[in-house]
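*Asks:* Dropping the structure in here first, questions after.
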Amino acid sequence: MKKHLTLVFCSLLLSEVNAQEANAVSSEKLNIIKTNVTAYAFRNINLTYERSFNKWLSVNMGFGTMPEGKVPFINSFLNDEDEKRFQNLEVKAFNFTIEPRVYIGHGYGKGFYFAPYYRYSKVTSNTFDFYYDYNFSGTTYEIPLKGYGDTRGHSGGLMVGVQFFLTRSQNLVLDFWIAGAHYGSGNGEFTMTSDVVLTPDMQAQLKQEIENLDIPVVNYSVETNANGAVIKVDGPWLGFRSGLSLGYRF
């Protein structure tokens with residue numbers, strides 16, 4: 001009889017604890033919509049949704065798009081001479097990120113957090129003009145080509161940040177991405193065509209010109225033919241994250 005009473009008591013106590021936890025969760029605002037305001041300096045239009053499941057765990061999902069325009073900081077990886085070879089080059093980009101967040105301290109979307117994440121990225125170029133110098137018998141000829149293509153990457157990373165509630169009602173949110181980095185693999189293809197039929201010697205010089213661009217971090221190979229060249233991107237995909245997001249909690 002005592003065993004039965006003890007079991008009943010423990011069951012009631014456990015039910016009460018679960019009910020209190022459920023009430024605590026139901027009293028919290030578990031959803032946050034936000035945008036990274038610092039990313040707009042790089043033409044990155046973005047929106048993020050965060051959902052808390054309990055005090056220490058949430059899932060953050062973000063979308064970002066960069067409208068077609070000049071390549072940001074192109075002069076940081078191409079010198080002035082190489083940059084001039086690309087006329088009217090513009091790119092647009094899209095990314096999707098999903099990150100579980102583990103909060104320490106206050107919880108329910110507040111305080112310091114660690115966030116492992118997965119990111120999908122895609123970069124697409126417009127139809128751009130590319131020129132290379134063909135040397136024949138001491139004379140230099142400028143050969144024009146048209147280029148276009150895209151590349152995409154899959155990567156995983158880790159970010160550390162802290163999120164604050166800025167108002168007494170805890171509706172206004174500031175999310176500070178302290179530091180984050182991701183690494184993965186990317187692949188893609190860019191096609192360059194010429195109105196001039198390229199001889200084997202012209203193809204060899206074109207191949208050398210493109211390979212000499214030596215774009216950092218990106219691995220690529222070049223194949224040439226009578227119509228132009230195909231640039232295949234296949235290698236590491238590296239990125240960093242930092243910024244400030246403002247949002248609304250509900």
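We name chains A, B, ... following the order of the structure tokens; residues begin at 1 in each chain, and ligands are numbered from 1 as shown.
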Applying 7 Å and only C-alpha atoms, which residues near stretch 103-110 of chain A remain after dropping the ones on its own chain fewer than 4 positions away? List them as an MDAnalysis selection string.
*Replies:* chainID A and resid 30 52 54:57 114 163:165
*Asks:* Residues at most 7 Å from A:Lys92, counting only C-alpha atoms, excluding those fewer than 2 positions away in the same chain, as JSON, numbers by chain?
*Replies:* {"A": [66, 67, 68, 69, 123, 124, 125]}
*Asks:* So that I can see what lies close to A:Asn126, please list as a PyMOL selection string the residues with an atom at most 7 Å from it, counting only C-alpha atoms and leaving out residues fewer than 5 positions away in the same chain.
*Replies:* chain A and resi 89-91+148
*Asks:* Nearest to A:Gln87: which of A:Gly62, A:Pro144, A:Asn75, A:Thr38 is it, counting only C-alpha atoms?
*Replies:*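 Once distances to A:Gln87 are computed over only C-alpha atoms, the minimum belongs to A:Pro144.
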*Asks:* Just the residues within 6 Å of stretch 93-97 of chain A, please, counting only C-alpha atoms, with nothing from its chain fewer than 5 positions along; format it as a PyMOL selection string.
*Replies:* chain A and resi 61-66+118-123
*Asks:* Write out as a PyMOL selection string each polymer residue whose atoms come within 12 Å of A:Asp195, counting only C-alpha atoms; drop sequence neighbours fewer than 6 positions from it.
*Replies:* chain A and resi 143-146+226-228
*Asks:* With only C-alpha atoms as the atoms that count, which of A:Thr167, A:Asn88, A:Asn135, A:Asn60 lies nearest to A:Arg101?
*Replies:* A:Asn60
*Asks:* I'd like the interatomic distance between atom CA of A:Gly138 and atom CA of A:Asn225, to a tenth of an Å.
*Replies:*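 Straight-line distance from atom CA of A:Gly138 to atom CA of A:Asn225 works out to 23.6 Å.
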*Asks:* Expressed in Å to a single decimal, how great is the separation between atom CA of A:Lys84 and atom CA of A:Ile210?
*Replies:* 13.2 Å
*Asks:* Of the candidates A:Gly157, A:Thr140, A:Val218, A:Gln170, which shows the shortest atom-to-atom distance to A:Met202, using only C-alpha atoms?
*Replies:* A:Thr140
*Asks:* Quick one: everything within 12 Å of A:Gly235, counting only C-alpha atoms, minus sequence neighbours fewer than 5 positions away in the same chain. Send it as a list of chain:residue names.
*Replies:*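 Answer for this query is A:Thr151, A:Arg152, A:Gly153, A:His154, A:Ser155, A:Tyr183, A:Gly184, A:Ser185, A:Gly186, A:Asn187, A:Gly188, A:Pro216, A:Val217, A:Val218, A:Asn219, A:Tyr220, A:Ser221.
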*Asks:* Only C-alpha atoms, please: the residues just picked out, written as a CSV table (one decimal), in the first residue's frame.
*Replies:*
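Wrote it out as part01.csv, contents follow:
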chain,number,residue,atom,x,y,z
A,151,THR,CA,28.9,28.7,-58.9
A,152,ARG,CA,27.3,27.2,-55.7
A,153,GLY,CA,28.7,26.1,-52.4
A,154,HIS,CA,27.7,23.9,-49.4
A,155,SER,CA,29.4,24.7,-46.1
A,183,TYR,CA,34.1,26.0,-44.7
A,184,GLY,CA,32.9,23.6,-47.4
A,185,SER,CA,33.1,22.8,-51.1
A,186,GLY,CA,31.9,24.7,-54.1
A,187,ASN,CA,31.5,24.0,-57.8
A,188,GLY,CA,30.3,25.7,-60.9
A,216,PRO,CA,42.7,33.3,-54.1
A,217,VAL,CA,40.8,30.6,-52.2
A,218,VAL,CA,39.1,29.4,-55.3
A,219,ASN,CA,40.4,26.3,-57.2
A,220,TYR,CA,39.5,26.3,-60.9
A,221,SER,CA,40.6,24.7,-64.2
*Asks:* Near A:Phe240, counting only C-alpha atoms, which residues have an atom at most 7 Å away, once you skip same-chain residues fewer than 4 positions from it, shown as a list in words?
*Replies:*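 The contact residues come out as Gly180, Ala181 and His182 of chain A.
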*Asks:* Using the selection just defined, write its residues with N, CA, C and O atoms as a PDB file, in the first residue's frame.
*Replies:*
ATOM      1  N   GLY A 180      31.851  34.305 -36.692  1.00  0.00           N
ATOM      2  CA  GLY A 180      31.461  33.022 -37.253  1.00  0.00           C
ATOM      3  C   GLY A 180      32.272  32.725 -38.499  1.00  0.00           C
ATOM      4  O   GLY A 180      32.720  33.635 -39.191  1.00  0.00           O
ATOM      5  N   ALA A 181      32.486  31.451 -38.767  1.00  0.00           N
ATOM      6  CA  ALA A 181      33.228  31.058 -39.961  1.00  0.00           C
ATOM      7  C   ALA A 181      32.689  29.731 -40.455  1.00  0.00           C
ATOM      8  O   ALA A 181      32.246  28.889 -39.668  1.00  0.00           O
ATOM      9  N   HIS A 182      32.692  29.565 -41.785  1.00  0.00           N
ATOM     10  CA  HIS A 182      32.238  28.305 -42.360  1.00  0.00           C
ATOM     11  C   HIS A 182      33.184  27.862 -43.470  1.00  0.00           C
ATOM     12  O   HIS A 182      33.861  28.677 -44.107  1.00  0.00           O
TER      13      HIS A 182
END
*Asks:* Would you mind reading off the distance between atom CA of A:Ile231 and atom CA of A:Pro200, one decimal, in Å?
*Replies:*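 Between these atoms lies a distance of 17.4 Å.
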*Asks:* May I ask which of the residues A:Val173, A:Leu244, A:Leu213, A:Val160 is the closest one to A:Ile33, counting only C-alpha atoms?
*Replies:* A:Val173
*Asks:* Between A:Ile32, A:Val102, A:Val71, A:Val197, which one has atoms that come closest to A:Ser58, using only C-alpha atoms?
*Replies:*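 Once distances to A:Ser58 are computed over only C-alpha atoms, the minimum belongs to A:Val102.
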*Asks:* Counting only C-alpha atoms, figure out which residue out of A:Thr193, A:Met159, A:Ile178, A:Asp133 gets nearest to A:Gln208.
*Replies:*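 Ranking A:Thr193, A:Met159, A:Ile178, A:Asp133 by distance to A:Gln208, first place goes to A:Asp133.
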